[in-house]
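Below is the file final-v6.pdb, which contains PDB, C-alpha atoms (C1' of nucleotides).
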```pdb
ATOM      1  CA  MET Y  10      94.315  66.589 154.795
ATOM      2  CA  ASP Y  11      91.212  68.274 156.020
ATOM      3  CA  ILE Y  12      89.071  66.831 158.782
ATOM      4  CA  LYS Y  13      85.607  68.186 158.344
ATOM      5  CA  PRO Y  14      82.896  65.727 159.273
ATOM      6  CA  THR Y  15      79.341  66.699 158.464
ATOM      7  CA  GLU Y  16      76.625  67.025 161.054
ATOM      8  CA  SER Y  17      75.446  63.445 160.647
ATOM      9  CA  GLU Y  18      78.965  62.140 160.585
ATOM     10  CA  LEU Y  19      79.671  63.820 163.906
ATOM     11  CA  GLU Y  20      76.671  62.140 165.472
ATOM     12  CA  ILE Y  21      78.069  58.827 164.376
ATOM     13  CA  LEU Y  22      81.587  59.673 165.491
ATOM     14  CA  GLN Y  23      80.322  60.433 168.965
ATOM     15  CA  VAL Y  24      79.148  56.870 169.283
ATOM     16  CA  ILE Y  25      82.357  55.490 167.860
ATOM     17  CA  TRP Y  26      84.465  57.588 170.213
ATOM     18  CA  LYS Y  27      82.443  56.475 173.174
ATOM     19  CA  MET Y  28      82.636  52.798 172.313
ATOM     20  CA  GLY Y  29      86.107  52.840 170.851
ATOM     21  CA  GLN Y  30      85.131  50.341 168.219
ATOM     22  CA  CYS Y  31      81.722  49.374 167.015
ATOM     23  CA  THR Y  32      79.412  47.961 164.408
ATOM     24  CA  VAL Y  33      76.862  49.696 162.271
ATOM     25  CA  ARG Y  34      74.176  48.228 164.475
ATOM     26  CA  ASP Y  35      75.787  49.611 167.608
ATOM     27  CA  VAL Y  36      75.756  53.058 166.110
ATOM     28  CA  HIS Y  37      72.304  52.716 164.707
ATOM     29  CA  GLU Y  38      70.761  51.639 167.969
ATOM     30  CA  GLU Y  39      72.389  54.505 169.764
ATOM     31  CA  LEU Y  40      71.170  56.995 167.169
ATOM     32  CA  THR Y  41      67.607  55.753 167.175
ATOM     33  CA  LYS Y  42      67.391  56.552 170.867
ATOM     34  CA  THR Y  43      67.197  60.190 169.949
ATOM     35  CA  LYS Y  44      66.128  60.318 166.337
ATOM     36  CA  ASP Y  45      64.530  58.397 163.513
ATOM     37  CA  ALA Y  46      66.694  56.796 160.891
ATOM     38  CA  GLY Y  47      66.660  53.715 158.738
ATOM     39  CA  TYR Y  48      69.368  51.135 159.290
ATOM     40  CA  THR Y  49      70.677  51.427 155.758
ATOM     41  CA  THR Y  50      70.935  55.154 156.182
ATOM     42  CA  THR Y  51      73.362  54.704 159.036
ATOM     43  CA  LEU Y  52      75.191  52.021 157.106
ATOM     44  CA  LYS Y  53      75.533  54.207 154.061
ATOM     45  CA  LEU Y  54      76.842  57.115 156.105
ATOM     46  CA  MET Y  55      79.447  54.925 157.711
ATOM     47  CA  GLN Y  56      80.497  53.594 154.327
ATOM     48  CA  ILE Y  57      80.884  57.139 153.092
ATOM     49  CA  MET Y  58      82.917  57.994 156.171
ATOM     50  CA  HIS Y  59      85.149  55.105 155.316
ATOM     51  CA  ASP Y  60      85.505  56.331 151.736
ATOM     52  CA  LYS Y  61      86.456  59.744 153.057
ATOM     53  CA  GLY Y  62      89.023  58.294 155.404
ATOM     54  CA  LEU Y  63      87.287  59.393 158.590
ATOM     55  CA  VAL Y  64      87.123  55.842 159.894
ATOM     56  CA  GLU Y  65      88.790  52.533 159.281
ATOM     57  CA  ARG Y  66      87.115  49.156 159.410
ATOM     58  CA  ASP Y  67      87.874  45.555 159.971
ATOM     59  CA  THR Y  68      86.039  43.470 157.392
ATOM     60  CA  THR Y  69      87.320  40.040 158.285
ATOM     61  CA  ALA Y  70      84.054  39.039 159.898
ATOM     62  CA  LYS Y  71      80.682  39.344 158.263
ATOM     63  CA  THR Y  72      79.826  42.189 160.581
ATOM     64  CA  HIS Y  73      82.364  44.943 160.117
ATOM     65  CA  LEU Y  74      84.012  46.816 162.968
ATOM     66  CA  TYR Y  75      84.589  50.522 162.714
ATOM     67  CA  LYS Y  76      87.154  52.752 164.440
ATOM     68  CA  ALA Y  77      87.710  56.483 164.233
ATOM     69  CA  LEU Y  78      90.838  57.641 162.453
ATOM     70  CA  PHE Y  79      91.135  60.819 164.449
ATOM     71  CA  SER Y  80      90.487  61.693 168.034
ATOM     72  CA  GLN Y  81      87.713  63.576 169.676
ATOM     73  CA  GLU Y  82      90.359  66.078 170.784
ATOM     74  CA  GLN Y  83      91.203  66.820 167.174
ATOM     75  CA  ALA Y  84      87.556  67.311 166.390
ATOM     76  CA  GLN Y  85      87.257  69.600 169.383
ATOM     77  CA  SER Y  86      90.183  71.645 168.223
ATOM     78  CA  ASN Y  87      88.710  71.942 164.752
ATOM     79  CA  ALA Y  88      85.320  72.922 166.043
ATOM     80  CA  LEU Y  89      86.797  75.559 168.312
ATOM     81  CA  ASN Y  90      88.892  77.075 165.562
ATOM     82  CA  LYS Y  91      85.919  77.226 163.298
ATOM     83  CA  ILE Y  92      83.593  79.056 165.633
ATOM     84  CA  LEU Y  93      86.414  81.272 166.848
ATOM     85  CA  SER Y  94      86.870  82.596 163.356
ATOM     86  CA  THR Y  95      83.226  82.657 162.335
ATOM     87  CA  VAL Y  96      81.437  84.073 165.360
ATOM     88  CA  PHE Y  97      83.989  85.098 167.967
ATOM     89  CA  LYS Y  98      86.176  87.387 165.895
ATOM     90  CA  GLY Y  99      89.113  85.288 166.943
ATOM     91  CA  SER Y 100      88.800  86.200 170.608
ATOM     92  CA  THR Y 101      89.387  83.213 172.832
ATOM     93  CA  SER Y 102      88.542  85.123 175.970
ATOM     94  CA  ASP Y 103      85.184  86.160 174.537
ATOM     95  CA  LEU Y 104      84.490  82.545 173.815
ATOM     96  CA  VAL Y 105      85.508  81.380 177.257
ATOM     97  CA  ILE Y 106      83.495  84.031 179.023
ATOM     98  CA  GLN Y 107      80.429  83.333 176.910
ATOM     99  CA  ALA Y 108      80.755  79.646 177.590
ATOM    100  CA  LEU Y 109      81.100  80.137 181.321
ATOM    101  CA  GLY Y 110      78.370  82.698 181.428
ATOM    102  CA  GLN Y 111      75.647  80.706 179.870
ATOM    103  CA  HIS Y 112      76.299  77.266 181.236
ATOM    104  CA  ARG Y 113      76.447  77.100 184.974
ATOM    105  CA  ALA Y 114      79.721  75.403 185.631
ATOM    106  CA  SER Y 115      79.913  73.456 188.861
ATOM    107  CA  ALA Y 116      82.255  74.524 191.632
ATOM    108  CA  ASP Y 117      84.540  71.657 190.711
ATOM    109  CA  GLU Y 118      84.639  72.731 187.138
ATOM    110  CA  ILE Y 119      85.436  76.287 188.114
ATOM    111  CA  ASP Y 120      88.257  75.049 190.301
ATOM    112  CA  ALA Y 121      89.608  72.987 187.459
ATOM    113  CA  ILE Y 122      89.638  76.009 185.237
ATOM    114  CA  LYS Y 123      91.273  78.175 187.862
ATOM    115  CA  ASN Y 124      93.978  75.641 188.407
ATOM    116  CA  PHE Y 125      94.505  75.488 184.714
ATOM    117  CA  LEU Y 126      94.824  79.243 184.502
ATOM    118  CA  ASN Y 127      97.300  79.404 187.357
ATOM    119  CA  GLN Y 128      99.475  76.743 185.872
ATOM    120  CA  PHE Y 129      99.285  78.598 182.605
ATOM    121  CA  ASP Y 130     100.469  81.791 184.280
ATOM    122  CA  GLN Y 131     103.498  80.106 185.693
ATOM    123  CA  HIS Y 132     104.515  78.725 182.377
ATOM    124  CA  LYS Y 133     104.424  82.183 180.907
ATOM    125  CA  LYS Y 134     106.651  83.641 183.568
TER     126      LYS Y 134
ATOM    127  CA  MET V  82      62.342  79.227 165.118
ATOM    128  CA  ASP V  83      65.739  77.808 164.427
ATOM    129  CA  ILE V  84      68.765  79.977 163.778
ATOM    130  CA  LYS V  85      71.206  77.961 161.784
ATOM    131  CA  PRO V  86      73.172  79.979 159.270
ATOM    132  CA  THR V  87      75.374  78.119 156.841
ATOM    133  CA  GLU V  88      79.085  78.695 156.504
ATOM    134  CA  SER V  89      78.714  81.293 153.771
ATOM    135  CA  GLU V  90      75.874  82.970 155.558
ATOM    136  CA  LEU V  91      78.018  83.388 158.624
ATOM    137  CA  GLU V  92      80.738  85.058 156.590
ATOM    138  CA  ILE V  93      78.178  87.549 155.410
ATOM    139  CA  LEU V  94      76.690  88.027 158.851
ATOM    140  CA  GLN V  95      80.087  88.930 160.207
ATOM    141  CA  VAL V  96      80.204  91.884 157.865
ATOM    142  CA  ILE V  97      76.652  92.916 158.683
ATOM    143  CA  TRP V  98      77.314  92.722 162.407
ATOM    144  CA  LYS V  99      80.418  94.824 162.057
ATOM    145  CA  MET V 100      78.752  97.498 159.968
ATOM    146  CA  GLY V 101      75.370  97.342 161.617
ATOM    147  CA  GLN V 102      73.597  97.909 158.350
ATOM    148  CA  CYS V 103      74.923  97.489 154.873
ATOM    149  CA  THR V 104      74.398  96.944 151.187
ATOM    150  CA  VAL V 105      75.194  93.917 149.102
ATOM    151  CA  ARG V 106      78.148  95.795 147.726
ATOM    152  CA  ASP V 107      79.498  96.543 151.178
ATOM    153  CA  VAL V 108      79.416  92.875 151.998
ATOM    154  CA  HIS V 109      80.784  91.818 148.673
ATOM    155  CA  GLU V 110      83.769  94.143 148.837
ATOM    156  CA  GLU V 111      84.581  92.933 152.302
ATOM    157  CA  LEU V 112      84.347  89.302 151.240
ATOM    158  CA  THR V 113      86.515  89.718 148.170
ATOM    159  CA  LYS V 114      89.332  90.922 150.380
ATOM    160  CA  THR V 115      89.826  87.359 151.469
ATOM    161  CA  LYS V 116      88.181  85.199 148.830
ATOM    162  CA  ASP V 117      86.893  85.079 145.292
ATOM    163  CA  ALA V 118      83.203  85.438 144.646
ATOM    164  CA  GLY V 119      80.961  86.922 141.991
ATOM    165  CA  TYR V 120      78.780  89.846 142.960
ATOM    166  CA  THR V 121      75.576  88.033 142.114
ATOM    167  CA  THR V 122      76.651  85.155 144.298
ATOM    168  CA  THR V 123      76.771  87.429 147.301
ATOM    169  CA  LEU V 124      73.495  89.013 146.260
ATOM    170  CA  LYS V 125      71.783  85.667 145.921
ATOM    171  CA  LEU V 126      73.021  84.501 149.281
ATOM    172  CA  MET V 127      71.720  87.634 150.940
ATOM    173  CA  GLN V 128      68.368  87.211 149.224
ATOM    174  CA  ILE V 129      68.201  83.668 150.506
ATOM    175  CA  MET V 130      69.075  84.880 153.987
ATOM    176  CA  HIS V 131      66.185  87.265 153.701
ATOM    177  CA  ASP V 132      63.849  84.482 152.612
ATOM    178  CA  LYS V 133      64.978  82.458 155.607
ATOM    179  CA  GLY V 134      64.388  85.341 157.967
ATOM    180  CA  LEU V 135      68.012  85.743 158.980
ATOM    181  CA  VAL V 136      68.088  89.373 157.882
ATOM    182  CA  GLU V 137      65.642  92.129 157.132
ATOM    183  CA  ARG V 138      66.011  94.741 154.443
ATOM    184  CA  ASP V 139      64.910  98.202 153.553
ATOM    185  CA  THR V 140      63.909  98.288 149.902
ATOM    186  CA  THR V 141      62.740 101.855 149.631
ATOM    187  CA  ALA V 142      65.818 102.928 147.733
ATOM    188  CA  LYS V 143      67.123 101.193 144.678
ATOM    189  CA  THR V 144      70.035  99.853 146.672
ATOM    190  CA  HIS V 145      68.680  97.787 149.521
ATOM    191  CA  LEU V 146      69.923  97.979 153.077
ATOM    192  CA  TYR V 147      70.329  94.829 155.103
ATOM    193  CA  LYS V 148      70.300  94.311 158.860
ATOM    194  CA  ALA V 149      70.755  91.168 160.917
ATOM    195  CA  LEU V 150      67.684  89.865 162.701
ATOM    196  CA  PHE V 151      69.660  88.308 165.503
ATOM    197  CA  SER V 152      72.780  89.277 167.338
ATOM    198  CA  GLN V 153      76.285  87.957 167.187
ATOM    199  CA  GLU V 154      75.831  86.936 170.821
ATOM    200  CA  GLN V 155      72.939  84.681 169.852
ATOM    201  CA  ALA V 156      75.028  83.172 167.104
ATOM    202  CA  GLN V 157      77.835  82.618 169.587
ATOM    203  CA  SER V 158      75.490  80.948 172.004
ATOM    204  CA  ASN V 159      74.151  78.695 169.277
ATOM    205  CA  ALA V 160      77.591  77.783 168.048
ATOM    206  CA  LEU V 161      78.748  76.972 171.563
ATOM    207  CA  ASN V 162      75.736  74.810 172.296
ATOM    208  CA  LYS V 163      76.212  72.948 169.083
ATOM    209  CA  ILE V 164      79.819  72.008 169.593
ATOM    210  CA  LEU V 165      79.226  71.344 173.262
ATOM    211  CA  SER V 166      76.760  68.662 172.352
ATOM    212  CA  THR V 167      78.547  67.304 169.306
ATOM    213  CA  VAL V 168      82.191  67.150 170.376
ATOM    214  CA  PHE V 169      82.494  68.117 174.015
ATOM    215  CA  LYS V 170      80.034  65.677 175.556
ATOM    216  CA  GLY V 171      78.330  68.638 177.152
ATOM    217  CA  SER V 172      81.312  69.533 179.307
ATOM    218  CA  THR V 173      81.821  73.273 179.445
ATOM    219  CA  SER V 174      85.009  72.978 181.426
ATOM    220  CA  ASP V 175      86.510  70.653 178.827
ATOM    221  CA  LEU V 176      85.681  73.217 176.225
ATOM    222  CA  VAL V 177      87.153  76.087 178.170
ATOM    223  CA  ILE V 178      90.331  74.246 178.983
ATOM    224  CA  GLN V 179      90.792  73.144 175.392
ATOM    225  CA  ALA V 180      90.226  76.665 174.194
ATOM    226  CA  LEU V 181      92.703  78.140 176.632
ATOM    227  CA  GLY V 182      95.197  75.411 176.023
ATOM    228  CA  GLN V 183      95.506  75.727 172.333
ATOM    229  CA  HIS V 184      95.261  79.454 171.888
ATOM    230  CA  ARG V 185      97.739  81.417 173.902
ATOM    231  CA  ALA V 186      95.631  83.928 175.704
ATOM    232  CA  SER V 187      97.330  87.175 176.617
ATOM    233  CA  ALA V 188      97.929  88.097 180.253
ATOM    234  CA  ASP V 189      95.099  90.583 180.030
ATOM    235  CA  GLU V 190      92.748  87.982 178.703
ATOM    236  CA  ILE V 191      93.691  85.594 181.458
ATOM    237  CA  ASP V 192      93.042  88.300 184.003
ATOM    238  CA  ALA V 193      89.674  89.017 182.472
ATOM    239  CA  ILE V 194      88.747  85.386 182.747
ATOM    240  CA  LYS V 195      89.969  85.137 186.323
ATOM    241  CA  ASN V 196      87.944  88.144 187.296
ATOM    242  CA  PHE V 197      84.968  86.649 185.656
ATOM    243  CA  LEU V 198      85.433  83.416 187.542
ATOM    244  CA  ASN V 199      85.799  85.172 190.869
ATOM    245  CA  GLN V 200      82.687  87.201 190.359
ATOM    246  CA  PHE V 201      80.931  84.015 189.405
ATOM    247  CA  ASP V 202      82.079  82.381 192.645
ATOM    248  CA  GLN V 203      80.642  85.154 194.744
ATOM    249  CA  HIS V 204      77.285  84.890 193.104
ATOM    250  CA  LYS V 205      77.157  81.240 193.928
ATOM    251  CA  LYS V 206      77.957  81.785 197.592
TER     252      LYS V 206
ATOM    253  C1'  DT Z  95      68.226  22.089 154.756
ATOM    254  C1'  DT Z  96      65.230  25.500 154.343
ATOM    255  C1'  DG Z  97      63.391  29.810 155.996
ATOM    256  C1'  DG Z  98      64.070  33.924 158.574
ATOM    257  C1'  DA Z  99      67.087  37.324 160.425
ATOM    258  C1'  DT Z 100      70.931  40.169 159.690
ATOM    259  C1'  DA Z 101      74.742  41.985 156.991
ATOM    260  C1'  DT Z 102      76.816  44.636 153.155
ATOM    261  C1'  DA Z 103      76.682  46.801 148.506
ATOM    262  C1'  DC Z 104      74.736  49.718 145.306
ATOM    263  C1'  DG Z 105      71.930  52.967 143.049
ATOM    264  C1'  DA Z 106      68.939  56.614 143.065
ATOM    265  C1'  DA Z 107      66.105  60.360 144.752
ATOM    266  C1'  DA Z 108      65.340  64.518 147.624
ATOM    267  C1'  DT Z 109      67.229  68.346 149.666
ATOM    268  C1'  DC Z 110      70.533  71.843 150.688
ATOM    269  C1'  DT Z 111      74.413  74.803 149.474
ATOM    270  C1'  DA Z 112      77.019  77.617 146.595
ATOM    271  C1'  DT Z 113      77.811  79.684 142.238
ATOM    272  C1'  DC Z 114      76.896  82.321 138.315
ATOM    273  C1'  DG Z 115      74.752  84.042 133.792
ATOM    274  C1'  DT Z 116      71.321  86.753 131.896
ATOM    275  C1'  DA Z 117      67.578  89.987 131.811
ATOM    276  C1'  DG Z 118      65.548  94.076 133.007
ATOM    277  C1'  DA Z 119      65.114  98.234 135.901
ATOM    278  C1'  DT Z 120      67.244 102.361 137.588
ATOM    279  C1'  DA Z 121      70.768 105.603 138.213
ATOM    280  C1'  DT Z 122      74.904 108.255 136.519
ATOM    281  C1'  DT Z 123      77.946 110.284 133.366
ATOM    282  C1'  DT Z 124      79.204 112.477 129.215
TER     283       DT Z 124
ATOM    284  C1'  DA A 167      69.436 111.895 125.394
ATOM    285  C1'  DA A 168      72.566 108.107 124.805
ATOM    286  C1'  DA A 169      75.865 105.251 126.648
ATOM    287  C1'  DT A 170      77.568 103.255 130.719
ATOM    288  C1'  DA A 171      77.443 101.551 135.243
ATOM    289  C1'  DT A 172      74.963  99.527 139.026
ATOM    290  C1'  DC A 173      71.275  97.165 141.060
ATOM    291  C1'  DT A 174      67.747  93.429 141.798
ATOM    292  C1'  DA A 175      65.316  89.335 140.197
ATOM    293  C1'  DC A 176      65.269  84.918 138.472
ATOM    294  C1'  DG A 177      66.554  80.574 136.772
ATOM    295  C1'  DA A 178      69.698  77.010 136.296
ATOM    296  C1'  DT A 179      73.521  74.094 137.472
ATOM    297  C1'  DA A 180      76.986  71.519 140.075
ATOM    298  C1'  DG A 181      78.208  69.395 144.084
ATOM    299  C1'  DA A 182      77.493  67.796 148.794
ATOM    300  C1'  DT A 183      74.436  65.690 152.126
ATOM    301  C1'  DT A 184      70.955  62.744 153.649
ATOM    302  C1'  DT A 185      67.766  59.215 153.028
ATOM    303  C1'  DC A 186      66.101  54.834 151.722
ATOM    304  C1'  DG A 187      64.731  50.740 148.628
ATOM    305  C1'  DT A 188      66.340  46.682 146.601
ATOM    306  C1'  DA A 189      69.550  43.055 145.732
ATOM    307  C1'  DT A 190      72.519  39.763 147.442
ATOM    308  C1'  DA A 191      75.398  37.267 150.682
ATOM    309  C1'  DT A 192      75.842  35.007 155.181
ATOM    310  C1'  DC A 193      74.524  33.168 159.516
ATOM    311  C1'  DC A 194      71.453  30.700 162.613
ATOM    312  C1'  DA A 195      67.631  28.128 164.155
ATOM    313  C1'  DA A 196      63.677  25.022 163.538
TER     314       DA A 196
END
```
Would you mind writing the file's structure down as structure tokens?
Amino acid sequence: MDIKPTESELEILQVIWKMGQCTVRDVHEELTKTKDAGYTTTLKLMQIMHDKGLVERDTTAKTHLYKALFSQEQAQSNALNKILSTVFKGSTSDLVIQALGQHRASADEIDAIKNFLNQFDQHKK
Amino acid sequence: MDIKPTESELEILQVIWKMGQCTVRDVHEELTKTKDAGYTTTLKLMQIMHDKGLVERDTTAKTHLYKALFSQEQAQSNALNKILSTVFKGSTSDLVIQALGQHRASADEIDAIKNFLNQFDQHKK
DNA sequence: TTGGATATACGAAATCTATCGTAGATATTT
DNA sequence: AAATATCTACGATAGATTTCGTATATCCAA
């Protein structure tokens, strides 16, 4: 079972993850804040996502309700693995350092990461 | 100018980055170590990459020489930005923690990251 | 209850991606 | 020089992705 949403599908999934459960119109209105798209385009994409098993839907009411069938964490893991193998030669530390280098992390964020690293150390020992 | 190599193009770019400069055959032999592909398929892809401006080539000799027109670092930056916005809600620290959490980093790698973080701290202060 | 708004279903077109066969040019080997 | 190998160019196809128009069903309001 391979989870590999397309670009457009990921845009839609972001909305679904944020709302937990939503209608085609919910998604469409969110999408049209940042880009142009016809309503039936969004609908069609969501139907395809359902065919692919990326989402489930409740069709009891006239207006269907969609939910994601996998978590954002799983998508994150997939995305990381993919770019690790395609552009980071498999080096996690390269990736982390690049990420920290180009996006100013806040002090809080840095602390969070440090804590994480320390805890990680202890587990290893 | 938008750098957005496809999946197959990235496989090829990896070889070009590693070798610095190479022929279609170089790339093809490297690719066939891990997957099946006809020679003309690789050739065509590299021609398309040239059309798109992803690579340049020296055609003085019969066998052309290809070079990348952007660095692996740029590709890394692009890839990071993309997944940051599509699956990490823009949170670099989420990304870093996920990356560290799922791929056991070696002690050396962890040290490298810690050093990086410390140096980063000082710059901020 | 009739018209307008809103929903889904479906089909089809446009584009992008990946793959490969064939043709023709150029080099290499015998 | 002839046969063989290697290279690029080109065209075509298959499949995936994205987009949207039209048809049809359902709800709601005047």
> Hey, what comes out of the PyMOL selection byres ((chain A) within 10 of (chain V)) on this file? Could you write it as a PyMOL selection string?
Replying inline: chain A and resi 172-176
At most 10 Å is the cut-off: for each residue in chain Z with any atom that close to an atom of chain V, write down the nearest atom pair and the distance in Å rounded to one decimal, counting all atoms listed in the file, chain first then increasing number, as CSV.
```
residue,atom,partner,partner_atom,distance
Z:DT111,C1',V:Thr87,CA,8.1
Z:DA112,C1',V:Thr122,CA,7.9
Z:DT113,C1',V:Thr122,CA,6.0
Z:DC114,C1',V:Thr122,CA,6.6
Z:DG115,C1',V:Thr121,CA,9.3
Z:DA119,C1',V:Lys143,CA,9.5
Z:DT120,C1',V:Lys143,CA,7.2
Z:DA121,C1',V:Lys143,CA,8.6
```
Would you list the contacts of Z:DA99 as an mmCIF file with C-alpha atoms (C1' of nucleotides), in the coordinates of the input, taking every protein, DNA or RNA residue within 10 Å and counting only C-alpha atoms (C1' of nucleotides), but skipping same-chain residues closer than 5 positions in sequence?
```cif
data_model
loop_
_atom_site.group_PDB
_atom_site.id
_atom_site.type_symbol
_atom_site.label_atom_id
_atom_site.label_comp_id
_atom_site.auth_asym_id
_atom_site.auth_seq_id
_atom_site.Cartn_x
_atom_site.Cartn_y
_atom_site.Cartn_z
ATOM 1 C "C1'" DC A 193 74.524 33.168 159.516
ATOM 2 C "C1'" DC A 194 71.453 30.700 162.613
ATOM 3 C "C1'" DA A 195 67.631 28.128 164.155
#
```
With 9 Å as the limit and counting all atoms listed in the file, what residues in chain Y lie close to chain V? Please list them as a JSON list (two decimals) with C-alpha atoms, keeping the file's coordinate frame.
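File produced: iface02.json:
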```
[["chain", "number", "residue", "atom", "x", "y", "z"],
["Y", 16, "GLU", "CA", 76.62, 67.03, 161.05],
["Y", 19, "LEU", "CA", 79.67, 63.82, 163.91],
["Y", 20, "GLU", "CA", 76.67, 62.14, 165.47],
["Y", 22, "LEU", "CA", 81.59, 59.67, 165.49],
["Y", 23, "GLN", "CA", 80.32, 60.43, 168.96],
["Y", 81, "GLN", "CA", 87.71, 63.58, 169.68],
["Y", 82, "GLU", "CA", 90.36, 66.08, 170.78],
["Y", 84, "ALA", "CA", 87.56, 67.31, 166.39],
["Y", 85, "GLN", "CA", 87.26, 69.60, 169.38],
["Y", 86, "SER", "CA", 90.18, 71.64, 168.22],
["Y", 88, "ALA", "CA", 85.32, 72.92, 166.04],
["Y", 89, "LEU", "CA", 86.80, 75.56, 168.31],
["Y", 90, "ASN", "CA", 88.89, 77.08, 165.56],
["Y", 92, "ILE", "CA", 83.59, 79.06, 165.63],
["Y", 95, "THR", "CA", 83.23, 82.66, 162.34],
["Y", 96, "VAL", "CA", 81.44, 84.07, 165.36],
["Y", 97, "PHE", "CA", 83.99, 85.10, 167.97],
["Y", 98, "LYS", "CA", 86.18, 87.39, 165.90],
["Y", 100, "SER", "CA", 88.80, 86.20, 170.61],
["Y", 101, "THR", "CA", 89.39, 83.21, 172.83],
["Y", 102, "SER", "CA", 88.54, 85.12, 175.97],
["Y", 103, "ASP", "CA", 85.18, 86.16, 174.54],
["Y", 104, "LEU", "CA", 84.49, 82.54, 173.82],
["Y", 105, "VAL", "CA", 85.51, 81.38, 177.26],
["Y", 106, "ILE", "CA", 83.50, 84.03, 179.02],
["Y", 107, "GLN", "CA", 80.43, 83.33, 176.91],
["Y", 108, "ALA", "CA", 80.76, 79.65, 177.59],
["Y", 109, "LEU", "CA", 81.10, 80.14, 181.32],
["Y", 110, "GLY", "CA", 78.37, 82.70, 181.43],
["Y", 111, "GLN", "CA", 75.65, 80.71, 179.87],
["Y", 112, "HIS", "CA", 76.30, 77.27, 181.24],
["Y", 113, "ARG", "CA", 76.45, 77.10, 184.97],
["Y", 114, "ALA", "CA", 79.72, 75.40, 185.63],
["Y", 116, "ALA", "CA", 82.26, 74.52, 191.63],
["Y", 118, "GLU", "CA", 84.64, 72.73, 187.14],
["Y", 119, "ILE", "CA", 85.44, 76.29, 188.11],
["Y", 121, "ALA", "CA", 89.61, 72.99, 187.46],
["Y", 122, "ILE", "CA", 89.64, 76.01, 185.24],
["Y", 123, "LYS", "CA", 91.27, 78.18, 187.86],
["Y", 125, "PHE", "CA", 94.50, 75.49, 184.71],
["Y", 126, "LEU", "CA", 94.82, 79.24, 184.50],
["Y", 129, "PHE", "CA", 99.28, 78.60, 182.60],
["Y", 130, "ASP", "CA", 100.47, 81.79, 184.28],
["Y", 133, "LYS", "CA", 104.42, 82.18, 180.91]]
```
Since I can't run it myself right now, could you work out what the PyMOL selection byres ((chain Z and resi 95) around 12) selects here and report it as an mmCIF file with C-alpha atoms (C1' of nucleotides), keeping the file's coordinate frame?
```cif
data_model
loop_
_atom_site.group_PDB
_atom_site.id
_atom_site.type_symbol
_atom_site.label_atom_id
_atom_site.label_comp_id
_atom_site.auth_asym_id
_atom_site.auth_seq_id
_atom_site.Cartn_x
_atom_site.Cartn_y
_atom_site.Cartn_z
ATOM 1 C "C1'" DT Z 96 65.230 25.500 154.343
ATOM 2 C "C1'" DG Z 97 63.391 29.810 155.996
ATOM 3 C "C1'" DA A 195 67.631 28.128 164.155
ATOM 4 C "C1'" DA A 196 63.677 25.022 163.538
#
```
If the PyMOL selection byres ((chain Z and resi 107) around 12) is run on the structure shown, which residues does it catch, given as a PDB file with C-alpha atoms (C1' of nucleotides), keeping the file's coordinate frame?
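What landed in result_2.pdb:
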```pdb
ATOM      1  C1'  DG Z 105      71.930  52.967 143.049  1.00  0.00           C
ATOM      2  C1'  DA Z 106      68.939  56.614 143.065  1.00  0.00           C
ATOM      3  C1'  DA Z 108      65.340  64.518 147.624  1.00  0.00           C
ATOM      4  C1'  DT Z 109      67.229  68.346 149.666  1.00  0.00           C
TER       5       DT Z 109
ATOM      6  C1'  DT A 184      70.955  62.744 153.649  1.00  0.00           C
ATOM      7  C1'  DT A 185      67.766  59.215 153.028  1.00  0.00           C
ATOM      8  C1'  DC A 186      66.101  54.834 151.722  1.00  0.00           C
ATOM      9  C1'  DG A 187      64.731  50.740 148.628  1.00  0.00           C
TER      10       DG A 187
END
```
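Between atom CA of Y:Gln30 and atom CA of Y:Glu18 lies a distance of 15.3 Å.
For stretch 60-65 of chain Y, the list of residues within 6 Å, based on all atoms listed in the file and with local chain neighbours fewer than 2 positions off taken out, reads Y:Ile57, Y:Met58, Y:Tyr75, Y:Lys76, Y:Ala77, Y:Leu78.
Excluding Z:DT123 itself and any same-chain residue fewer than 6 positions from it, the protein and nucleic acid residues within 9 Å of it, counting all atoms listed in the file, are DA169, DT170 and DA171 of chain A.
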>> So the first atom is atom C1' of Z:DT100 and the second is atom C1' of A:DA191; what is the distance between them in Å, to one decimal place?
In response: 10.5 Å
